[in-house]
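*Asks:* What follows is start-v7.txt, made up of compact mmCIF, C-alpha atoms and all ligand atoms:
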```
# COMPACT_ATOMS: atom_id res chain seq x y z
CA MET A 1 1.27 -2.64 18.58
CA ASN A 2 1.31 -6.29 17.62
CA SER A 3 0.52 -7.65 14.14
CA GLN A 4 -3.11 -8.43 15.05
CA GLU A 5 -3.75 -4.87 16.26
CA ILE A 6 -2.09 -3.27 13.22
CA LYS A 7 -4.10 -5.43 10.81
CA ALA A 8 -7.33 -4.61 12.67
CA LEU A 9 -6.73 -0.85 12.34
CA ASP A 10 -5.78 -1.19 8.69
CA SER A 11 -8.88 -3.17 7.78
CA LYS A 12 -11.09 -0.67 9.57
CA TYR A 13 -9.62 2.64 8.38
CA THR A 14 -7.57 2.06 5.23
CA VAL A 15 -8.92 1.93 1.69
CA GLN A 16 -8.89 -1.77 0.86
CA SER A 17 -7.44 -1.42 -2.65
CA TYR A 18 -4.39 -3.64 -2.08
CA GLY A 19 -4.45 -7.43 -2.10
CA ARG A 20 -2.09 -7.53 0.85
CA CYS A 21 -0.02 -10.46 1.95
CA ASP A 22 -0.84 -11.44 5.56
CA VAL A 23 2.41 -10.05 7.01
CA VAL A 24 3.18 -6.95 9.09
CA ILE A 25 6.73 -5.66 8.73
CA ASP A 26 8.33 -3.76 11.57
CA HIS A 27 12.02 -3.34 10.70
CA GLY A 28 14.80 -4.60 8.46
CA LYS A 29 18.56 -4.93 8.04
CA GLY A 30 20.33 -5.85 4.82
CA ALA A 31 17.96 -8.17 2.95
CA LYS A 32 16.17 -9.37 6.08
CA LEU A 33 12.86 -8.16 7.51
CA TRP A 34 11.15 -8.81 10.84
CA THR A 35 7.54 -8.72 12.05
CA PRO A 36 6.69 -7.00 15.37
CA GLU A 37 6.76 -10.50 16.93
CA GLY A 38 10.27 -11.15 15.60
CA LYS A 39 9.49 -13.59 12.77
CA GLU A 40 12.30 -13.25 10.19
CA TYR A 41 11.96 -13.08 6.40
CA ILE A 42 14.49 -13.06 3.59
CA ASP A 43 13.35 -10.30 1.26
CA PHE A 44 13.33 -10.99 -2.49
CA THR A 45 11.00 -8.01 -3.15
CA SER A 46 12.78 -4.84 -1.95
CA GLY A 47 9.50 -2.94 -1.83
CA ILE A 48 8.96 -3.83 -5.52
CA GLY A 49 12.43 -2.79 -6.60
CA VAL A 50 12.66 0.26 -4.34
CA ASN A 51 15.03 -0.58 -1.46
CA SER A 52 17.98 -0.91 -3.81
CA LEU A 53 20.55 -0.62 -0.99
CA GLY A 54 18.59 -2.93 1.32
CA TYR A 55 17.40 -1.94 4.78
CA GLY A 56 19.31 0.12 7.33
CA CYS A 57 22.19 1.10 5.01
CA ASP A 58 24.37 3.41 7.13
CA LYS A 59 25.45 5.68 4.27
CA TRP A 60 21.86 6.17 3.15
CA ILE A 61 20.69 6.93 6.69
CA SER A 62 23.45 9.54 7.16
CA ALA A 63 22.72 11.15 3.78
CA ILE A 64 19.05 11.53 4.67
CA THR A 65 19.46 12.64 8.26
CA GLU A 66 22.16 15.19 7.39
CA GLN A 67 20.05 16.68 4.62
CA ALA A 68 16.88 16.64 6.75
CA SER A 69 18.59 18.61 9.51
CA LYS A 70 19.94 21.12 6.97
CA LEU A 71 16.95 21.63 4.65
CA GLY A 72 13.95 19.30 4.46
CA HIS A 73 12.13 20.96 1.58
CA ILE A 74 12.40 23.95 -0.69
CA SER A 75 10.13 24.88 -3.58
CA ASN A 76 11.25 24.42 -7.17
CA LEU A 77 11.03 28.20 -7.43
CA PHE A 78 14.49 28.15 -5.81
CA TYR A 79 17.74 26.30 -6.54
CA SER A 80 19.26 23.67 -4.27
CA GLU A 81 22.48 21.66 -4.33
CA PRO A 82 21.28 18.03 -3.94
CA TYR A 83 18.93 18.56 -6.89
CA ALA A 84 21.51 20.16 -9.18
CA LYS A 85 24.11 17.52 -8.29
CA LEU A 86 21.69 14.66 -8.91
CA SER A 87 20.77 16.05 -12.34
CA GLN A 88 24.45 16.28 -13.24
CA THR A 89 25.24 12.71 -12.12
CA LEU A 90 22.26 11.24 -13.95
CA CYS A 91 23.12 13.04 -17.20
CA GLU A 92 26.85 12.28 -17.04
CA ARG A 93 26.27 8.58 -16.36
CA SER A 94 23.46 8.09 -18.90
CA GLY A 95 24.44 10.40 -21.75
CA MET A 96 21.08 12.15 -21.50
CA SER A 97 20.82 15.96 -21.48
CA ARG A 98 18.39 17.19 -18.79
CA VAL A 99 16.32 15.76 -15.93
CA PHE A 100 12.87 16.56 -14.55
CA PHE A 101 12.08 15.20 -11.08
CA ALA A 102 8.72 13.79 -10.04
CA ASN A 103 7.60 11.64 -7.10
CA GLY A 104 6.96 8.23 -8.58
CA GLY A 105 6.75 6.20 -11.77
CA GLY A 106 3.27 7.00 -12.99
CA GLU A 107 3.87 10.70 -12.51
CA ALA A 108 7.24 10.47 -14.26
CA ASN A 109 5.56 8.80 -17.24
CA GLU A 110 2.93 11.55 -17.34
CA GLY A 111 5.76 14.07 -17.76
CA MET A 112 7.37 11.97 -20.47
CA ILE A 113 4.04 11.71 -22.35
CA LYS A 114 3.41 15.46 -22.03
CA CYS A 115 6.86 16.23 -23.36
CA ALA A 116 6.42 13.91 -26.36
CA ARG A 117 3.12 15.53 -27.30
CA LYS A 118 4.51 19.05 -26.91
CA TYR A 119 7.61 18.21 -28.96
CA SER A 120 5.37 17.14 -31.81
CA PHE A 121 2.91 20.02 -31.37
CA ASP A 122 5.73 22.61 -31.41
CA LYS A 123 7.15 21.14 -34.61
CA TYR A 124 4.15 19.78 -36.54
CA GLY A 125 1.04 21.33 -34.93
CA GLU A 126 -2.10 19.43 -33.98
CA GLY A 127 -3.02 15.89 -35.04
CA ARG A 128 0.25 14.11 -34.24
CA SER A 129 -0.31 13.13 -30.62
CA THR A 130 -0.76 9.35 -30.67
CA ILE A 131 1.66 7.21 -28.66
CA VAL A 132 2.16 3.55 -29.49
CA THR A 133 2.87 1.27 -26.52
CA LEU A 134 3.15 -2.51 -26.22
CA TYR A 135 0.70 -5.17 -25.13
CA GLN A 136 1.50 -6.54 -21.64
CA SER A 137 3.10 -3.23 -20.70
CA PHE A 138 2.58 -1.40 -17.43
CA HIS A 139 3.06 2.37 -17.21
CA GLY A 140 1.18 3.47 -14.08
CA ARG A 141 -2.17 4.11 -12.42
CA THR A 142 -3.09 7.65 -13.43
CA VAL A 143 -5.91 7.98 -15.96
CA THR A 144 -3.41 8.67 -18.76
CA THR A 145 -0.82 6.05 -17.82
CA LEU A 146 -3.60 3.45 -17.52
CA SER A 147 -4.42 4.33 -21.14
CA ALA A 148 -0.76 3.84 -22.00
CA THR A 149 -0.80 0.44 -20.30
CA GLY A 150 -1.47 -2.20 -22.98
CA GLN A 151 -3.57 -4.58 -20.87
CA ASP A 152 -7.38 -4.64 -21.13
CA VAL A 153 -7.83 -5.45 -17.42
CA PHE A 154 -6.65 -1.92 -16.63
CA HIS A 155 -9.19 -0.28 -18.96
CA ASN A 156 -12.22 -0.53 -16.69
CA TYR A 157 -14.39 1.59 -14.37
CA PHE A 158 -12.60 4.92 -14.77
CA PHE A 159 -13.98 6.08 -18.13
CA PRO A 160 -13.33 8.20 -20.04
CA PHE A 161 -9.64 7.31 -20.40
CA THR A 162 -7.14 9.62 -22.11
CA GLU A 163 -7.29 9.28 -25.89
CA GLY A 164 -4.35 8.81 -28.20
CA PHE A 165 -2.82 5.43 -27.37
CA ARG A 166 -2.51 2.36 -29.60
CA TYR A 167 -0.85 -0.96 -28.84
CA ALA A 168 1.56 -3.19 -30.74
CA LYS A 169 2.77 -6.71 -30.01
CA ALA A 170 6.17 -6.92 -28.32
CA ASN A 171 9.05 -8.28 -30.41
CA ASP A 172 6.98 -7.95 -33.61
CA ILE A 173 8.09 -5.25 -36.08
CA ALA A 174 5.13 -5.91 -38.42
CA SER A 175 2.73 -5.27 -35.56
CA LEU A 176 4.60 -2.06 -34.70
CA ASN A 177 4.51 -0.86 -38.31
CA SER A 178 0.77 -1.54 -38.51
CA GLN A 179 0.20 0.89 -35.62
CA LEU A 180 2.51 3.68 -36.81
CA GLY A 181 1.18 6.52 -38.99
CA ASP A 182 1.12 10.28 -39.53
CA ASP A 183 -0.64 10.78 -36.21
CA VAL A 184 2.09 9.13 -34.11
CA CYS A 185 4.52 11.25 -32.05
CA ALA A 186 6.15 8.56 -29.94
CA VAL A 187 6.65 4.89 -29.12
CA MET A 188 6.91 4.01 -25.44
CA ILE A 189 8.41 0.74 -24.21
CA GLU A 190 9.71 -1.11 -21.18
CA LEU A 191 12.87 -3.03 -22.16
CA ILE A 192 11.86 -5.77 -19.73
CA GLN A 193 8.13 -5.79 -19.08
CA GLY A 194 8.08 -6.06 -15.30
CA GLU A 195 4.47 -6.29 -14.18
CA GLY A 196 3.61 -8.03 -17.47
CA GLY A 197 5.74 -11.05 -16.53
CA VAL A 198 9.47 -10.14 -16.61
CA LEU A 199 9.48 -10.29 -20.40
CA PRO A 200 12.66 -8.89 -22.00
CA LEU A 201 12.48 -7.35 -25.47
CA ASP A 202 14.82 -8.86 -28.11
CA LYS A 203 17.84 -6.71 -28.85
CA ALA A 204 17.39 -6.92 -32.63
CA TYR A 205 13.76 -5.83 -32.29
CA VAL A 206 14.68 -2.86 -30.09
CA LEU A 207 17.44 -1.74 -32.49
CA GLU A 208 15.06 -1.90 -35.47
CA LEU A 209 12.33 -0.11 -33.52
CA ALA A 210 14.82 2.63 -32.56
CA ALA A 211 15.88 3.04 -36.21
CA ILE A 212 12.26 3.32 -37.40
CA CYS A 213 11.58 5.95 -34.74
CA LYS A 214 14.68 7.95 -35.69
CA ASP A 215 13.88 7.87 -39.42
CA ASN A 216 10.36 9.18 -38.86
CA ASP A 217 11.06 11.70 -36.08
CA ILE A 218 8.96 9.57 -33.76
CA LEU A 219 10.27 9.88 -30.21
CA LEU A 220 11.51 6.76 -28.44
CA LEU A 221 10.36 6.82 -24.80
CA VAL A 222 11.75 4.17 -22.47
CA ASP A 223 9.98 3.45 -19.18
CA GLU A 224 12.80 2.40 -16.84
CA VAL A 225 10.76 2.81 -13.68
CA GLN A 226 11.46 -0.84 -12.80
CA THR A 227 14.54 -1.68 -14.93
CA GLY A 228 16.52 1.47 -14.09
CA VAL A 229 19.01 2.46 -11.39
CA GLY A 230 21.18 -0.64 -11.35
CA ARG A 231 18.41 -3.24 -11.25
CA THR A 232 19.42 -4.96 -14.49
CA GLY A 233 23.18 -4.74 -13.97
CA SER A 234 23.86 -1.42 -15.75
CA LEU A 235 22.83 1.97 -14.39
CA PHE A 236 20.01 2.01 -16.96
CA CYS A 237 18.87 -0.99 -18.95
CA PHE A 238 18.89 0.93 -22.29
CA GLN A 239 22.68 1.13 -22.00
CA GLN A 240 22.82 -2.66 -22.56
CA TYR A 241 20.63 -2.40 -25.67
CA GLY A 242 22.88 0.15 -27.38
CA ILE A 243 20.11 2.67 -28.09
CA SER A 244 19.82 6.43 -27.46
CA PRO A 245 16.25 7.06 -26.31
CA ASP A 246 14.70 10.52 -26.52
CA ALA A 247 13.42 10.21 -22.97
CA VAL A 248 13.85 7.74 -20.11
CA SER A 249 11.65 7.63 -17.02
CA PHE A 250 12.86 6.20 -13.71
CA ALA A 251 11.51 5.92 -10.16
CA LYS A 252 11.36 2.86 -7.88
CA GLY A 253 15.03 2.34 -6.86
CA ILE A 254 16.37 5.86 -7.42
CA ALA A 255 16.23 7.12 -3.83
CA GLY A 256 16.68 3.74 -2.10
CA GLY A 257 13.29 3.89 -0.35
CA LEU A 258 12.13 7.51 -0.46
CA PRO A 259 9.49 8.55 -3.00
CA MET A 260 11.12 9.95 -6.12
CA GLY A 261 10.82 9.60 -9.87
CA GLY A 262 11.81 11.55 -12.91
CA VAL A 263 12.48 11.73 -16.60
CA MET A 264 15.80 12.18 -18.37
CA PHE A 265 15.50 13.92 -21.71
CA GLY A 266 17.83 13.59 -24.70
CA ALA A 267 19.09 16.25 -27.10
CA LYS A 268 15.81 16.48 -29.08
CA THR A 269 13.55 16.84 -26.06
CA ALA A 270 15.76 18.67 -23.54
CA ASP A 271 14.23 22.11 -24.10
CA VAL A 272 10.61 21.16 -24.84
CA LEU A 273 9.22 21.65 -21.33
CA THR A 274 9.52 25.43 -20.98
CA PRO A 275 8.59 27.55 -17.90
CA GLY A 276 4.99 26.97 -16.83
CA THR A 277 4.40 23.87 -18.99
CA HIS A 278 5.19 21.26 -16.34
CA ALA A 279 5.77 21.29 -12.57
CA THR A 280 5.27 19.40 -9.33
CA THR A 281 5.53 20.71 -5.76
CA PHE A 282 7.64 17.91 -4.26
CA GLY A 283 9.75 17.06 -7.33
CA GLY A 284 13.46 16.93 -6.51
CA ASN A 285 12.84 17.32 -2.77
CA PRO A 286 16.28 17.80 -1.12
CA VAL A 287 16.01 14.79 1.23
CA ALA A 288 14.94 12.48 -1.61
CA ALA A 289 17.66 13.98 -3.83
CA ALA A 290 20.31 13.46 -1.12
CA ALA A 291 19.19 9.83 -0.83
CA ALA A 292 19.41 9.43 -4.62
CA ASN A 293 22.90 10.97 -4.69
CA CYS A 294 23.93 8.40 -2.09
CA VAL A 295 22.39 5.54 -4.12
CA LEU A 296 24.23 6.62 -7.30
CA GLU A 297 27.51 7.00 -5.43
CA VAL A 298 27.24 3.43 -4.13
CA MET A 299 26.41 2.12 -7.62
CA ASP A 300 29.87 2.20 -9.19
CA ASP A 301 31.07 -0.26 -11.85
CA ALA A 302 32.08 -2.90 -9.30
CA PHE A 303 28.66 -2.70 -7.67
CA LEU A 304 26.89 -3.08 -11.03
CA ALA A 305 29.12 -6.06 -11.89
CA SER A 306 28.10 -7.69 -8.61
CA VAL A 307 24.41 -7.20 -9.53
CA ASN A 308 25.04 -9.15 -12.74
CA GLU A 309 26.94 -11.90 -10.96
CA LYS A 310 24.25 -12.34 -8.32
CA GLY A 311 21.48 -12.32 -10.93
CA ASP A 312 23.26 -14.92 -13.06
CA TYR A 313 23.88 -17.01 -9.96
CA ILE A 314 20.17 -17.01 -9.09
CA ARG A 315 19.10 -17.85 -12.66
CA GLU A 316 21.71 -20.63 -12.99
CA THR A 317 20.82 -22.10 -9.61
CA VAL A 318 17.07 -22.14 -10.28
CA SER A 319 17.56 -23.60 -13.78
CA GLY A 320 19.93 -26.21 -12.33
CA TRP A 321 17.24 -27.57 -10.02
CA ASN A 322 15.40 -28.96 -13.04
CA ILE A 323 12.06 -28.71 -11.25
CA PRO A 324 9.28 -29.84 -13.62
CA CYS A 325 6.87 -26.96 -12.81
CA VAL A 326 9.53 -24.35 -13.74
CA THR A 327 9.21 -23.72 -17.47
CA ARG A 328 11.51 -20.74 -17.96
CA VAL A 329 13.93 -18.58 -15.97
CA LYS A 330 14.27 -15.07 -17.36
CA GLY A 331 15.34 -11.47 -16.71
CA MET A 332 18.56 -9.46 -16.43
CA GLY A 333 20.63 -8.59 -13.37
CA LEU A 334 18.58 -8.81 -10.19
CA MET A 335 15.26 -8.63 -12.06
CA VAL A 336 14.40 -12.31 -12.16
CA GLY A 337 11.30 -14.09 -13.47
CA ILE A 338 10.51 -17.77 -12.92
CA ALA A 339 7.68 -18.99 -15.14
CA VAL A 340 5.74 -21.90 -13.62
CA GLU A 341 3.02 -24.27 -14.82
CA GLY A 342 0.68 -26.55 -12.91
CA ILE A 343 0.97 -24.31 -9.86
CA SER A 344 -0.07 -20.67 -9.62
CA PRO A 345 2.56 -18.02 -8.83
CA LYS A 346 0.29 -16.87 -5.98
CA ALA A 347 0.40 -20.36 -4.45
CA VAL A 348 4.21 -20.35 -4.65
CA LEU A 349 4.23 -16.90 -3.02
CA ALA A 350 1.98 -18.12 -0.16
CA LYS A 351 4.21 -21.16 0.48
CA CYS A 352 7.34 -18.96 0.47
CA VAL A 353 5.80 -16.52 2.97
CA GLU A 354 4.88 -19.38 5.29
CA LYS A 355 8.50 -20.57 5.22
CA GLY A 356 10.09 -17.11 5.67
CA LEU A 357 10.71 -15.72 2.18
CA LEU A 358 9.01 -12.76 0.51
CA VAL A 359 8.63 -12.92 -3.29
CA LEU A 360 6.49 -11.18 -5.94
CA THR A 361 4.45 -12.39 -8.89
CA ALA A 362 4.13 -10.92 -12.40
CA GLY A 363 1.81 -11.64 -15.30
CA SER A 364 -0.27 -14.81 -15.01
CA ASP A 365 2.50 -17.41 -14.74
CA THR A 366 5.58 -15.81 -13.20
CA VAL A 367 7.19 -15.65 -9.78
CA ARG A 368 9.22 -12.44 -9.73
CA LEU A 369 12.31 -11.77 -7.63
CA LEU A 370 13.58 -8.22 -7.07
CA PRO A 371 15.98 -8.59 -4.12
CA PRO A 372 17.84 -5.59 -2.68
CA LEU A 373 20.87 -5.08 -4.94
CA THR A 374 23.11 -5.32 -1.86
CA ILE A 375 21.87 -8.81 -0.95
CA THR A 376 24.67 -11.15 0.20
CA ARG A 377 25.41 -14.61 -1.24
CA GLU A 378 24.40 -16.11 2.10
CA GLU A 379 21.02 -14.33 2.08
CA ILE A 380 20.49 -15.44 -1.53
CA ASP A 381 21.26 -19.07 -0.62
CA THR A 382 18.90 -19.02 2.37
CA GLY A 383 16.13 -17.55 0.20
CA LEU A 384 16.73 -19.98 -2.66
CA GLU A 385 16.50 -22.99 -0.32
CA ILE A 386 13.05 -21.81 0.76
CA LEU A 387 12.02 -21.12 -2.84
CA LYS A 388 13.14 -24.60 -3.91
CA ASP A 389 11.16 -26.13 -1.10
CA ALA A 390 8.07 -24.10 -2.09
CA LEU A 391 8.38 -25.17 -5.74
CA THR A 392 8.77 -28.86 -4.92
CA HIS A 393 6.40 -29.47 -1.97
C1 LIG A 401 5.90 0.52 -10.96
C2 LIG A 401 5.89 0.97 -12.37
C3 LIG A 401 5.23 2.15 -12.75
C4 LIG A 401 4.39 2.96 -11.78
O1 LIG A 401 5.17 3.55 -10.79
P1 LIG A 401 4.48 4.21 -9.50
O2 LIG A 401 5.62 4.75 -8.72
O3 LIG A 401 3.73 3.11 -8.81
O4 LIG A 401 3.56 5.27 -10.00
C5 LIG A 401 5.34 2.55 -14.08
N1 LIG A 401 6.05 1.84 -14.97
C6 LIG A 401 6.70 0.70 -14.64
C7 LIG A 401 7.49 -0.03 -15.68
C8 LIG A 401 6.63 0.22 -13.34
O5 LIG A 401 7.24 -0.93 -13.00
```
Once more with this new file: its structure as structure tokens, please.
*Replies:*
Amino acid sequence: MNSQEIKALDSKYTVQSYGRCDVVIDHGKGAKLWTPEGKEYIDFTSGIGVNSLGYGCDKWISAITEQASKLGHISNLFYSEPYAKLSQTLCERSGMSRVFFANGGGEANEGMIKCARKYSFDKYGEGRSTIVTLYQSFHGRTVTTLSATGQDVFHNYFFPFTEGFRYAKANDIASLNSQLGDDVCAVMIELIQGEGGVLPLDKAYVLELAAICKDNDILLLVDEVQTGVGRTGSLFCFQQYGISPDAVSFAKGIAGGLPMGGVMFGAKTADVLTPGTHATTFGGNPVAAAAANCVLEVMDDAFLASVNEKGDYIRETVSGWNIPCVTRVKGMGLMVGIAVEGISPKAVLAKCVEKGLLVLTAGSDTVRLLPPLTITREEIDTGLEILKDALTH
């Protein structure tokens, strides 16, 4: 089928809930993508931080195909090796204690929220179930994770939303303290607010927040669905903040392109979810787990160092252009935000697409770049030339 035919079918039969970009993608290699007609794009999106090893990675393809031919799925009522191995690797490399596997970020956060509430219920009984999250956060699209998301635009249509969430201003301890109280069981944060605009939390703020949580037996939940799995230049972003969260959710990049998410629990929360209290049919699927094992094997220290180098290179290059409409370049590792004024991020995106570069937006003023972590210097340079052109013409 050609692009026209594919778009026609989609507009007729698919729920039109996505504001899609006018591009059909057929195949990819490295950080390049092609339409059915052969038009080439440099990809600075990686499926919103999912294709961490890029497209067509040989190791990843072998891991998946070998596992698929051996065992494509088995229920969580049985044990399987890829699952057990993945749990071990995640715990050993993060310092966390146990892992629960889900199928995406929103679902992972649901599990993290359930665990926090049960931890508090087991220890203190009813009435201590409130979770404080931050304004501009994004935690998912389920009815509960929309509640957790501290942006009013997400609190529409689907009433009634799950109760028990309050919001504090990011990087503001006074605002946090004003929302804490005897009814609070947890604080949930993204260390870099991704959808909200690539907004990193200050280290001093995070350390103080962590200390307040610890002193009051309030659980610290970190949503690393976007920042995790190498994206910010360490396996998990919390490792660069020097904190020990009670739970960390992850998803997007974990399986390099297959649907998977999960939550890692720390010492306090490791044994809260007991038999029958939480489950999901596909969680830890062997093919997804084999893909994730491959992703983690590729992400050794040298790989993570290269993510930092490439991210710094992009930020330095963009800052060095001194383009008047660029007001701030932010982020960590290969999670890059470019704040613009006088031109909308959507307009920049449209110009980039026209010239052969895929980018994302975030918040109201930010062009967001989440390239595959394996992107080459040459692919970065080609993409940056197009971006520069889009920002100046
Ligand atoms: C993408 C994202 C989610 C939601 O993940 P899904 O897999 O779309 O459910 C949750 N939290 C953060 C920080 C995200 O970036």
*Asks:* May I ask you to write as number ranges by chain all residues lying at most 9 Å from ligand LIG 401 (chain A), with all atoms listed in the file counted?
*Replies:* A: 48-49, 103-109, 137-142, 145, 149, 189-195, 223-227, 249-252, 259-261
*Asks:* Residues at most 8 Å from Ser364 (chain A), counting only C-alpha atoms, excluding those fewer than 4 positions away in the same chain, as a list in words?
*Replies:*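 Selected residues are Gly197, Ser344 and Pro345 of chain A.
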*Asks:* Closest to Ala292 (chain A) among A:Pro82, A:Leu209, A:Tyr157, A:Ser306, using all atoms listed in the file?
*Replies:* A:Pro82
*Asks:* Find, counting all atoms listed in the file, the residue in A:Gly111, A:Gly196, A:Gly331, A:Gly253 that gets nearest to Gly283 (chain A).
*Replies:* A:Gly111
*Asks:* Hey, what's within 12 Å of Trp321 (chain A) if we count all atoms listed in the file and toss same-chain stuff fewer than 6 positions away? As an mmCIF file with C-alpha atoms, keeping the file's coordinate frame, please?
*Replies:*
```cif
data_model
loop_
_atom_site.group_PDB
_atom_site.id
_atom_site.type_symbol
_atom_site.label_atom_id
_atom_site.label_comp_id
_atom_site.auth_asym_id
_atom_site.auth_seq_id
_atom_site.Cartn_x
_atom_site.Cartn_y
_atom_site.Cartn_z
ATOM 1 C CA ILE A 314 20.170 -17.010 -9.090
ATOM 2 C CA ARG A 315 19.100 -17.850 -12.660
ATOM 3 C CA THR A 327 9.210 -23.720 -17.470
ATOM 4 C CA ARG A 328 11.510 -20.740 -17.960
ATOM 5 C CA VAL A 329 13.930 -18.580 -15.970
ATOM 6 C CA LEU A 384 16.730 -19.980 -2.660
ATOM 7 C CA GLU A 385 16.500 -22.990 -0.320
ATOM 8 C CA LEU A 387 12.020 -21.120 -2.840
ATOM 9 C CA LYS A 388 13.140 -24.600 -3.910
ATOM 10 C CA ASP A 389 11.160 -26.130 -1.100
ATOM 11 C CA LEU A 391 8.380 -25.170 -5.740
ATOM 12 C CA THR A 392 8.770 -28.860 -4.920
#
```
*Asks:* Counting all atoms listed in the file, which residues have an atom no more than 10 Å from (12.8, 8.1, -30.7) in the file's coordinates? Please list them as a list in words.
*Replies:*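 Output of the proximity query reads Ala116, Cys185, Ala186, Val187, Met188, Leu209, Ala210, Ala211, Ile212, Cys213, Lys214, Asp215, Asn216, Asp217, Ile218, Leu219, Leu220, Leu221, Val222, Ile243, Ser244, Pro245, Asp246, Ala247, Gly266, Lys268 and Thr269 of chain A.
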*Asks:* So how many Å separate CA of Gly256 (chain A) and CA of Asp312 (chain A), to one decimal?
*Replies:*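 Separating CA of Gly256 (chain A) from CA of Asp312 (chain A) is a distance of 22.6 Å.
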*Asks:* Suppose you want the space between CA of Asn51 (chain A) and CA of Gly257 (chain A); what is it in Å?
*Replies:*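 CA of Gly257 (chain A) lies 4.9 Å from CA of Asn51 (chain A).
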*Asks:* Report, in Å with one decimal, the straight-line distance from CA of Asn76 (chain A) to CA of Asn285 (chain A).
*Replies:*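 Between CA of Asn76 (chain A) and CA of Asn285 (chain A) the gap is 8.5 Å.
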*Asks:* Quick one: residues within 8 Å of Leu258 (chain A), all atoms listed in the file, excluding same-chain residues fewer than 3 positions away - as number ranges by chain?
*Replies:* A: 255, 288, 291
*Asks:* Can I get the selected residues back with C-alpha atoms, as a short mmCIF file (atom, residue, chain, number, x, y, z; two decimals), keeping the file's coordinate frame?
*Replies:*
```cif
data_model
loop_
_atom_site.label_atom_id
_atom_site.label_comp_id
_atom_site.auth_asym_id
_atom_site.auth_seq_id
_atom_site.Cartn_x
_atom_site.Cartn_y
_atom_site.Cartn_z
CA ALA A 255 16.23 7.12 -3.83
CA ALA A 288 14.94 12.48 -1.61
CA ALA A 291 19.19 9.83 -0.83
#
```
*Asks:* Select, from A:Lys351, A:Lys32, A:Arg231, A:Lys330, the residue with the minimum atom-to-atom distance to Ser52 (chain A), counting only C-alpha atoms.
*Replies:*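 Residue with the minimum atom-to-atom distance to Ser52 (chain A): A:Arg231.
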*Asks:* Pro371 (chain A): which residues within 7 Å, counting all atoms listed in the file, same-chain residues fewer than 3 positions away excluded, as a ChimeraX atom specification?
*Replies:* /A:43-46,334,375
